[in-house]
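K.L.:
Input file: my_file.cif. Contents: mmCIF, C-alpha atoms and all ligand atoms; chains and numbers go by the auth columns.
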data_run
loop_
_atom_site.group_PDB
_atom_site.id
_atom_site.type_symbol
_atom_site.label_atom_id
_atom_site.label_comp_id
_atom_site.label_asym_id
_atom_site.label_seq_id
_atom_site.Cartn_x
_atom_site.Cartn_y
_atom_site.Cartn_z
_atom_site.B_iso_or_equiv
_atom_site.auth_seq_id
_atom_site.auth_asym_id
ATOM 1 C CA MET A 1 4.661 -12.241 -12.264 0.00 390 A
ATOM 2 C CA ALA A 2 1.991 -9.993 -10.725 0.00 391 A
ATOM 3 C CA LEU A 3 -0.548 -8.460 -13.078 0.00 392 A
ATOM 4 C CA ARG A 4 -1.893 -5.002 -12.341 0.00 393 A
ATOM 5 C CA GLU A 5 -4.750 -3.409 -14.189 0.00 394 A
ATOM 6 C CA LEU A 6 -4.357 0.326 -14.673 0.00 395 A
ATOM 7 C CA LYS A 7 -7.298 2.307 -15.922 0.00 396 A
ATOM 8 C CA VAL A 8 -6.121 5.251 -17.998 0.00 397 A
ATOM 9 C CA CYS A 9 -8.231 7.877 -19.742 0.00 398 A
ATOM 10 C CA LEU A 10 -7.297 10.306 -22.482 0.00 399 A
ATOM 11 C CA LEU A 11 -8.758 13.810 -22.354 0.00 400 A
ATOM 12 C CA GLY A 12 -8.401 16.851 -24.599 0.00 401 A
ATOM 13 C CA ASP A 13 -9.911 18.863 -27.433 0.00 402 A
ATOM 14 C CA THR A 14 -11.212 17.182 -30.530 0.00 403 A
ATOM 15 C CA GLY A 15 -8.579 16.596 -33.193 0.00 404 A
ATOM 16 C CA VAL A 16 -5.519 16.791 -30.953 0.00 405 A
ATOM 17 C CA GLY A 17 -4.697 13.142 -31.646 0.00 406 A
ATOM 18 C CA LYS A 18 -5.937 11.171 -28.629 0.00 407 A
ATOM 19 C CA SER A 19 -7.163 8.220 -30.716 0.00 408 A
ATOM 20 C CA SER A 20 -4.004 8.315 -32.818 0.00 409 A
ATOM 21 C CA ILE A 21 -1.851 8.077 -29.678 0.00 410 A
ATOM 22 C CA VAL A 22 -3.822 5.079 -28.410 0.00 411 A
ATOM 23 C CA TRP A 23 -3.733 3.435 -31.821 0.00 412 A
ATOM 24 C CA ARG A 24 0.017 3.974 -32.073 0.00 413 A
ATOM 25 C CA PHE A 25 0.581 2.562 -28.583 0.00 414 A
ATOM 26 C CA VAL A 26 -1.657 -0.509 -28.971 0.00 415 A
ATOM 27 C CA GLU A 27 -1.311 -1.322 -32.676 0.00 416 A
ATOM 28 C CA ASP A 28 1.888 0.548 -33.551 0.00 417 A
ATOM 29 C CA SER A 29 0.235 2.124 -36.569 0.00 418 A
ATOM 30 C CA PHE A 30 -1.129 5.485 -37.699 0.00 419 A
ATOM 31 C CA ASP A 31 -4.308 6.169 -39.672 0.00 420 A
ATOM 32 C CA PRO A 32 -4.262 9.656 -41.249 0.00 421 A
ATOM 33 C CA ASN A 33 -8.024 9.434 -41.926 0.00 422 A
ATOM 34 C CA ILE A 34 -9.138 8.430 -38.469 0.00 423 A
ATOM 35 C CA ASN A 35 -12.719 9.432 -37.590 0.00 424 A
ATOM 36 C CA PRO A 36 -13.657 11.536 -34.562 0.00 425 A
ATOM 37 C CA THR A 37 -14.475 9.392 -31.532 0.00 426 A
ATOM 38 C CA ILE A 38 -18.159 9.028 -30.662 0.00 427 A
ATOM 39 C CA GLY A 39 -18.596 8.890 -26.878 0.00 428 A
ATOM 40 C CA ALA A 40 -15.473 6.913 -26.022 0.00 429 A
ATOM 41 C CA SER A 41 -13.509 3.916 -27.213 0.00 430 A
ATOM 42 C CA PHE A 42 -11.685 1.261 -25.239 0.00 431 A
ATOM 43 C CA MET A 43 -8.456 -0.631 -25.897 0.00 432 A
ATOM 44 C CA THR A 44 -6.012 -2.579 -23.754 0.00 433 A
ATOM 45 C CA LYS A 45 -2.308 -3.309 -23.842 0.00 434 A
ATOM 46 C CA THR A 46 -0.150 -5.203 -21.369 0.00 435 A
ATOM 47 C CA VAL A 47 3.498 -4.308 -20.887 0.00 436 A
ATOM 48 C CA GLN A 48 6.142 -5.533 -18.491 0.00 437 A
ATOM 49 C CA TYR A 49 7.343 -3.003 -15.951 0.00 438 A
ATOM 50 C CA GLN A 50 10.100 -4.213 -13.613 0.00 439 A
ATOM 51 C CA ASN A 51 8.727 -7.393 -11.993 0.00 440 A
ATOM 52 C CA GLU A 52 5.091 -6.647 -12.800 0.00 441 A
ATOM 53 C CA LEU A 53 2.818 -6.786 -15.796 0.00 442 A
ATOM 54 C CA HIS A 54 0.873 -3.574 -16.294 0.00 443 A
ATOM 55 C CA LYS A 55 -2.335 -4.032 -18.209 0.00 444 A
ATOM 56 C CA PHE A 56 -3.440 -0.609 -19.399 0.00 445 A
ATOM 57 C CA LEU A 57 -7.224 -0.339 -19.719 0.00 446 A
ATOM 58 C CA ILE A 58 -7.389 2.700 -21.965 0.00 447 A
ATOM 59 C CA TRP A 59 -10.476 4.858 -22.331 0.00 448 A
ATOM 60 C CA ASP A 60 -10.146 7.275 -25.220 0.00 449 A
ATOM 61 C CA THR A 61 -12.785 9.959 -24.729 0.00 450 A
ATOM 62 C CA ALA A 62 -14.357 12.067 -27.470 0.00 451 A
ATOM 63 C CA GLY A 63 -13.084 15.639 -27.545 0.00 452 A
ATOM 64 C CA GLN A 64 -16.186 17.183 -29.078 0.00 453 A
ATOM 65 C CA GLU A 65 -18.005 19.529 -26.714 0.00 454 A
ATOM 66 C CA ARG A 66 -21.259 17.553 -26.913 0.00 455 A
ATOM 67 C CA PHE A 67 -19.549 14.563 -25.262 0.00 456 A
ATOM 68 C CA ARG A 68 -17.835 16.549 -22.522 0.00 457 A
ATOM 69 C CA ALA A 69 -20.320 15.605 -19.803 0.00 458 A
ATOM 70 C CA LEU A 70 -19.451 11.926 -20.260 0.00 459 A
ATOM 71 C CA ALA A 71 -15.821 12.386 -19.218 0.00 460 A
ATOM 72 C CA PRO A 72 -16.339 11.757 -15.462 0.00 461 A
ATOM 73 C CA MET A 73 -17.426 8.190 -16.263 0.00 462 A
ATOM 74 C CA TYR A 74 -13.997 7.598 -17.734 0.00 463 A
ATOM 75 C CA TYR A 75 -11.694 9.457 -15.346 0.00 464 A
ATOM 76 C CA ARG A 76 -13.525 8.088 -12.282 0.00 465 A
ATOM 77 C CA GLY A 77 -11.411 5.254 -10.876 0.00 466 A
ATOM 78 C CA SER A 78 -8.558 5.974 -13.273 0.00 467 A
ATOM 79 C CA ALA A 79 -4.985 5.465 -12.145 0.00 468 A
ATOM 80 C CA ALA A 80 -3.828 8.013 -14.707 0.00 469 A
ATOM 81 C CA ALA A 81 -5.117 10.616 -17.129 0.00 470 A
ATOM 82 C CA ILE A 82 -3.260 11.559 -20.293 0.00 471 A
ATOM 83 C CA ILE A 83 -4.317 15.068 -21.234 0.00 472 A
ATOM 84 C CA VAL A 84 -3.446 15.766 -24.830 0.00 473 A
ATOM 85 C CA TYR A 85 -3.043 19.092 -26.614 0.00 474 A
ATOM 86 C CA ASP A 86 -1.875 19.946 -30.113 0.00 475 A
ATOM 87 C CA ILE A 87 1.368 21.960 -30.139 0.00 476 A
ATOM 88 C CA THR A 88 0.061 23.846 -33.198 0.00 477 A
ATOM 89 C CA LYS A 89 -3.136 24.955 -31.402 0.00 478 A
ATOM 90 C CA GLU A 90 -2.816 27.302 -28.438 0.00 479 A
ATOM 91 C CA GLU A 91 -6.521 26.900 -27.720 0.00 480 A
ATOM 92 C CA SER A 92 -6.049 23.181 -27.099 0.00 481 A
ATOM 93 C CA PHE A 93 -3.496 24.026 -24.406 0.00 482 A
ATOM 94 C CA GLN A 94 -6.070 26.229 -22.642 0.00 483 A
ATOM 95 C CA THR A 95 -8.541 23.346 -22.784 0.00 484 A
ATOM 96 C CA LEU A 96 -5.905 21.140 -21.177 0.00 485 A
ATOM 97 C CA LYS A 97 -5.684 23.544 -18.231 0.00 486 A
ATOM 98 C CA ASN A 98 -9.448 23.268 -17.778 0.00 487 A
ATOM 99 C CA TRP A 99 -9.155 19.482 -17.662 0.00 488 A
ATOM 100 C CA VAL A 100 -6.483 19.768 -14.983 0.00 489 A
ATOM 101 C CA LYS A 101 -8.844 21.946 -12.925 0.00 490 A
ATOM 102 C CA GLU A 102 -11.692 19.502 -13.388 0.00 491 A
ATOM 103 C CA LEU A 103 -9.528 16.540 -12.345 0.00 492 A
ATOM 104 C CA ARG A 104 -8.430 18.429 -9.248 0.00 493 A
ATOM 105 C CA GLN A 105 -12.016 19.090 -8.270 0.00 494 A
ATOM 106 C CA HIS A 106 -13.696 15.862 -9.284 0.00 495 A
ATOM 107 C CA GLY A 107 -11.044 13.310 -10.237 0.00 496 A
ATOM 108 C CA PRO A 108 -9.546 10.542 -8.099 0.00 497 A
ATOM 109 C CA PRO A 109 -7.270 12.104 -5.431 0.00 498 A
ATOM 110 C CA ASN A 110 -4.136 10.204 -6.438 0.00 499 A
ATOM 111 C CA ILE A 111 -4.570 10.243 -10.189 0.00 500 A
ATOM 112 C CA VAL A 112 -1.309 10.478 -12.123 0.00 501 A
ATOM 113 C CA VAL A 113 -1.517 13.233 -14.726 0.00 502 A
ATOM 114 C CA ALA A 114 0.482 13.052 -17.945 0.00 503 A
ATOM 115 C CA ILE A 115 0.526 15.951 -20.387 0.00 504 A
ATOM 116 C CA ALA A 116 1.166 15.055 -24.020 0.00 505 A
ATOM 117 C CA GLY A 117 1.953 17.855 -26.491 0.00 506 A
ATOM 118 C CA ASN A 118 1.067 15.964 -29.646 0.00 507 A
ATOM 119 C CA LYS A 119 1.925 16.612 -33.325 0.00 508 A
ATOM 120 C CA CYS A 120 5.513 17.552 -32.527 0.00 509 A
ATOM 121 C CA ASP A 121 6.306 16.561 -36.124 0.00 510 A
ATOM 122 C CA LEU A 122 4.613 19.866 -37.078 0.00 511 A
ATOM 123 C CA SER A 123 7.053 22.083 -35.215 0.00 512 A
ATOM 124 C CA ASP A 124 7.070 24.666 -38.064 0.00 513 A
ATOM 125 C CA ALA A 125 3.453 25.458 -37.155 0.00 514 A
ATOM 126 C CA ARG A 126 4.065 25.447 -33.402 0.00 515 A
ATOM 127 C CA GLU A 127 1.919 27.783 -31.263 0.00 516 A
ATOM 128 C CA VAL A 128 2.740 26.397 -27.804 0.00 517 A
ATOM 129 C CA PRO A 129 6.432 26.769 -26.780 0.00 518 A
ATOM 130 C CA GLU A 130 7.757 23.546 -25.309 0.00 519 A
ATOM 131 C CA LYS A 131 9.218 25.415 -22.329 0.00 520 A
ATOM 132 C CA ASP A 132 5.879 26.991 -21.400 0.00 521 A
ATOM 133 C CA ALA A 133 4.188 23.604 -21.420 0.00 522 A
ATOM 134 C CA LYS A 134 7.015 21.968 -19.473 0.00 523 A
ATOM 135 C CA ASP A 135 6.966 24.733 -16.836 0.00 524 A
ATOM 136 C CA TYR A 136 3.217 24.353 -16.478 0.00 525 A
ATOM 137 C CA ALA A 137 3.500 20.561 -16.164 0.00 526 A
ATOM 138 C CA ASP A 138 6.219 20.940 -13.519 0.00 527 A
ATOM 139 C CA SER A 139 4.045 23.395 -11.591 0.00 528 A
ATOM 140 C CA ILE A 140 1.316 20.757 -11.255 0.00 529 A
ATOM 141 C CA HIS A 141 3.781 17.854 -10.853 0.00 530 A
ATOM 142 C CA ALA A 142 2.582 16.213 -14.038 0.00 531 A
ATOM 143 C CA ILE A 143 4.487 14.066 -16.486 0.00 532 A
ATOM 144 C CA PHE A 144 5.290 16.063 -19.632 0.00 533 A
ATOM 145 C CA VAL A 145 6.298 14.836 -23.020 0.00 534 A
ATOM 146 C CA GLU A 146 5.922 16.044 -26.595 0.00 535 A
ATOM 147 C CA THR A 147 4.665 13.272 -28.843 0.00 536 A
ATOM 148 C CA SER A 148 3.975 12.474 -32.451 0.00 537 A
ATOM 149 C CA ALA A 149 1.508 9.677 -33.050 0.00 538 A
ATOM 150 C CA LYS A 150 2.264 10.109 -36.741 0.00 539 A
ATOM 151 C CA ASN A 151 6.013 9.546 -36.434 0.00 540 A
ATOM 152 C CA ALA A 152 5.889 7.297 -33.345 0.00 541 A
ATOM 153 C CA ILE A 153 7.765 9.755 -31.127 0.00 542 A
ATOM 154 C CA ASN A 154 7.553 9.363 -27.330 0.00 543 A
ATOM 155 C CA ILE A 155 4.324 7.335 -27.353 0.00 544 A
ATOM 156 C CA ASN A 156 5.611 4.360 -25.350 0.00 545 A
ATOM 157 C CA GLU A 157 7.466 6.801 -23.103 0.00 546 A
ATOM 158 C CA VAL A 158 4.196 8.328 -21.871 0.00 547 A
ATOM 159 C CA PHE A 159 3.031 4.950 -20.621 0.00 548 A
ATOM 160 C CA ILE A 160 6.441 4.051 -19.176 0.00 549 A
ATOM 161 C CA GLU A 161 6.402 7.310 -17.190 0.00 550 A
ATOM 162 C CA ILE A 162 2.924 6.463 -15.918 0.00 551 A
ATOM 163 C CA SER A 163 4.129 3.002 -14.828 0.00 552 A
ATOM 164 C CA LYS A 164 6.989 4.662 -12.950 0.00 553 A
ATOM 165 C CA ARG A 165 4.603 6.868 -10.986 0.00 554 A
ATOM 166 C CA ILE A 166 2.074 4.217 -10.056 0.00 555 A
ATOM 167 C CA PRO A 167 2.582 3.448 -6.358 0.00 556 A
ATOM 168 C CA VAL A 168 4.406 0.187 -5.719 0.00 557 A
ATOM 169 C CA VAL A 169 2.344 -2.525 -4.040 0.00 558 A
ATOM 170 C CA GLU A 170 4.427 -4.173 -1.344 0.00 559 A
ATOM 171 C CA ALA A 171 3.592 -7.242 0.684 0.00 560 A
ATOM 172 C CA ALA A 172 3.138 -6.221 4.329 0.00 561 A
ATOM 173 C CA GLY A 173 3.176 -8.119 7.595 0.00 562 A
ATOM 174 C CA GLY A 174 5.006 -11.329 6.793 0.00 563 A
ATOM 175 C CA THR A 175 4.715 -13.790 3.992 0.00 564 A
ATOM 176 C CA SER A 176 1.024 -14.651 4.011 0.00 565 A
ATOM 177 C CA GLY A 177 0.550 -12.497 0.955 0.00 566 A
ATOM 178 C CA LYS A 178 -2.890 -11.471 2.185 0.00 567 A
ATOM 179 C CA ALA A 179 -2.103 -7.950 3.364 0.00 568 A
ATOM 180 C CA PHE A 180 -0.781 -5.222 1.123 0.00 569 A
ATOM 181 C CA LYS A 181 0.187 -1.635 1.573 0.00 570 A
ATOM 182 C CA LEU A 182 0.844 1.095 -0.896 0.00 571 A
ATOM 183 C CA GLY A 183 4.489 2.017 -1.083 0.00 572 A
ATOM 184 C CA ARG A 184 5.930 5.472 -1.576 0.00 573 A
ATOM 185 C CA GLN A 185 6.144 6.644 -5.138 0.00 574 A
ATOM 186 C CA ALA A 186 9.404 5.899 -6.819 0.00 575 A
ATOM 187 C CA SER A 187 9.728 9.324 -8.393 0.00 576 A
ATOM 188 C CA GLU A 188 9.639 12.798 -6.907 0.00 577 A
ATOM 189 C CA SER A 189 7.099 13.738 -4.302 0.00 578 A
ATOM 190 C CA ARG A 190 3.966 15.271 -5.766 0.00 579 A
ATOM 191 C CA ARG A 191 0.691 16.701 -4.689 0.00 580 A
ATOM 192 C CA THR A 192 -1.915 14.148 -4.006 0.00 581 A
ATOM 193 C CA CYS A 193 -4.584 15.827 -6.069 0.00 582 A
ATOM 194 C CA CYS A 194 -3.077 15.197 -9.502 0.00 583 A
HETATM 195 N N1 LIG B . 0.797 15.599 -38.166 0.00 601 B
HETATM 196 C C1 LIG B . 0.186 14.869 -37.222 0.00 601 B
HETATM 197 N N2 LIG B . -1.130 14.611 -37.308 0.00 601 B
HETATM 198 C C2 LIG B . -1.690 13.872 -36.328 0.00 601 B
HETATM 199 C C3 LIG B . -0.952 13.358 -35.224 0.00 601 B
HETATM 200 N N3 LIG B . -1.800 12.683 -34.415 0.00 601 B
HETATM 201 C C4 LIG B . -3.016 12.759 -34.996 0.00 601 B
HETATM 202 N N4 LIG B . -2.950 13.474 -36.128 0.00 601 B
HETATM 203 C C5 LIG B . -4.076 13.802 -37.040 0.00 601 B
HETATM 204 O O1 LIG B . -4.978 14.638 -36.331 0.00 601 B
HETATM 205 C C6 LIG B . -6.323 14.339 -36.685 0.00 601 B
HETATM 206 C C7 LIG B . -7.136 14.042 -35.434 0.00 601 B
HETATM 207 O O2 LIG B . -6.639 12.850 -34.826 0.00 601 B
HETATM 208 P P1 LIG B . -7.498 11.981 -33.793 0.00 601 B
HETATM 209 O O3 LIG B . -6.599 10.937 -33.252 0.00 601 B
HETATM 210 O O4 LIG B . -8.792 11.559 -34.409 0.00 601 B
HETATM 211 O O5 LIG B . -7.830 13.091 -32.687 0.00 601 B
HETATM 212 P P2 LIG B . -8.727 12.928 -31.370 0.00 601 B
HETATM 213 O O6 LIG B . -8.111 13.791 -30.334 0.00 601 B
HETATM 214 O O7 LIG B . -8.911 11.489 -31.021 0.00 601 B
HETATM 215 O O8 LIG B . -10.138 13.536 -31.833 0.00 601 B
HETATM 216 P P3 LIG B . -11.623 13.205 -31.237 0.00 601 B
HETATM 217 O O9 LIG B . -11.824 11.741 -31.402 0.00 601 B
HETATM 218 O O10 LIG B . -12.552 14.025 -32.078 0.00 601 B
HETATM 219 O O11 LIG B . -11.620 13.651 -29.803 0.00 601 B
HETATM 220 C C8 LIG B . -6.252 13.165 -37.666 0.00 601 B
HETATM 221 O O12 LIG B . -6.346 13.668 -38.987 0.00 601 B
HETATM 222 C C9 LIG B . -4.885 12.564 -37.421 0.00 601 B
HETATM 223 O O13 LIG B . -4.368 11.952 -38.579 0.00 601 B
HETATM 224 C C10 LIG B . 0.445 13.647 -35.166 0.00 601 B
HETATM 225 O O14 LIG B . 1.197 13.254 -34.259 0.00 601 B
HETATM 226 N N5 LIG B . 0.964 14.406 -36.183 0.00 601 B
#
Now, as a test, write the supplied structure out as structure tokens.
P.N.:
Amino acid sequence: MALRELKVCLLGDTGVGKSSIVWRFVEDSFDPNINPTIGASFMTKTVQYQNELHKFLIWDTAGQERFRALAPMYYRGSAAAIIVYDITKEESFQTLKNWVKELRQHGPPNIVVAIAGNKCDLSDAREVPEKDAKDYADSIHAIFVETSAKNAININEVFIEISKRIPVVEAAGGTSGKAFKLGRQASESRRTCC
């Protein structure tokens, strides 16, 4: 079975739950006292997707402003970016829009963008309506899902949706296996910028 390495970075304000999402995905656990990330942290997880193995190389960036300038090191060369906001913090949704702009200007041209509205277990304190976020995600052709790292809601789904949007690698020109071409994306057409 073919193994593909997919570099993925997580972006978003501090405290929105980026590390908790990664921890839930890789270790299937939740630490309520997790510390803020310093710089960035790295974890991997391999999952089967159709007839391929997808090894996610996950860079979890620090959301604090003082680390912001480091982000390009992590989104450069990424197959996908998961931009996280906190559904109980409107400000974190505005920050997300700034990350989308930055990726458009400086990110890889074909990067898959996934928007994760985290802490959906706190819907009583919601500040960002799900429909507004979904409409915005649709307008930029991004994956959208509301997640809860705490209650393990929709975490695997984010990565499955990314796998679905990664262009298929097809053998081209006979059976030598030496030449490859990128196939059309399985899902809807989308802008090439993000
Ligand atoms: N209720 C709830 N709390 C969460 C959830 N995800 C994370 N948290 C809490 O939110 C706080 C921040 O989580 P982190 O995962 O450290 O956030 P981060 O985005 O990685 O923050 P930085 O590393 O500073 O960028 C922690 O106290 C977590 O326990 C969630 O889905 N629901």
K.L.:
Would you kindly return, as a VMD selection string, each protein, DNA or RNA residue with an atom no farther than 6 Å from any atom of region 458-469 of chain A, considering all atoms listed in the file and excluding same-chain residues fewer than 5 positions away?
P.N.:
chain A and resid 395 to 398 500 to 502
K.L.:
With distances taken over all atoms listed in the file, which residue among A:Glu491, A:Glu394, A:Glu535, A:Asp417 lies nearest ligand LIG 601 (chain B)?
P.N.:
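Residue with the minimum atom-to-atom distance to ligand LIG 601 (chain B): A:Glu535.
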K.L.:
Could you list the protein, DNA and RNA residues that have any atom within 6 Å of ligand LIG 601 (chain B), counting all atoms listed in the file, and write them as a ChimeraX atom specification?
P.N.:
/A:402-409,420-426,451-453,507-508,510-511,537-539
K.L.:
Determine the nearest neighbour of Glu416 (chain A) from the options A:His443, A:Asn545, A:Glu480, A:Ala391, counting only C-alpha atoms.
P.N.:
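Using only C-alpha atoms, the shortest distance to Glu416 (chain A) belongs to A:Asn545.
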K.L.:
I'd like to know which of A:Val436, A:Val517, A:Ile504, A:Lys478 is closest to Asn543 (chain A), using all atoms listed in the file.
P.N.:
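Among the listed residues, A:Ile504 lies closest to Asn543 (chain A).
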K.L.:
Closest to Glu516 (chain A) among A:Ile476, A:Leu492, A:Ile551, A:Ile529, using all atoms listed in the file?
P.N.:
A:Ile476
K.L.:
Given all atoms listed in the file as the basis, pick out the residue of A:Gly428, A:Pro556, A:Gly401, A:Pro518 nearest to Asn487 (chain A).
P.N.:
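Selected residue with least distance to Asn487 (chain A): A:Gly401.
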K.L.:
Would you work out the distance separating CA of Leu442 (chain A) from CA of Val473 (chain A), expressed in Å to one decimal?
P.N.:
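The value is 25.1 Å.
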K.L.:
One number please: CA of Val534 (chain A) to CA of Arg393 (chain A), in Å, one decimal.
P.N.:
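According to the coordinates, CA of Val534 (chain A) and CA of Arg393 (chain A) are separated by 24.0 Å.
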K.L.:
Mind pulling up the distance from CA of Asp513 (chain A) to CA of Val411 (chain A)?
P.N.:
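Result for CA of Val411 (chain A) versus CA of Asp513 (chain A): 24.4 Å, one decimal.
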K.L.:
Here is a test: counting only C-alpha atoms, which residue of A:Thr433, A:Ser481, A:Ile427, A:Phe533 is nearest to Phe456 (chain A)?
P.N.:
A:Ile427
K.L.:
If you apply the PyMOL selection byres (((chain A and resi 439) around 12) and not hetatm) to this file, what residues do you get, as a PyMOL selection string?
P.N.:
chain A and resi 390-392+436-438+440-443+549+552-553+557
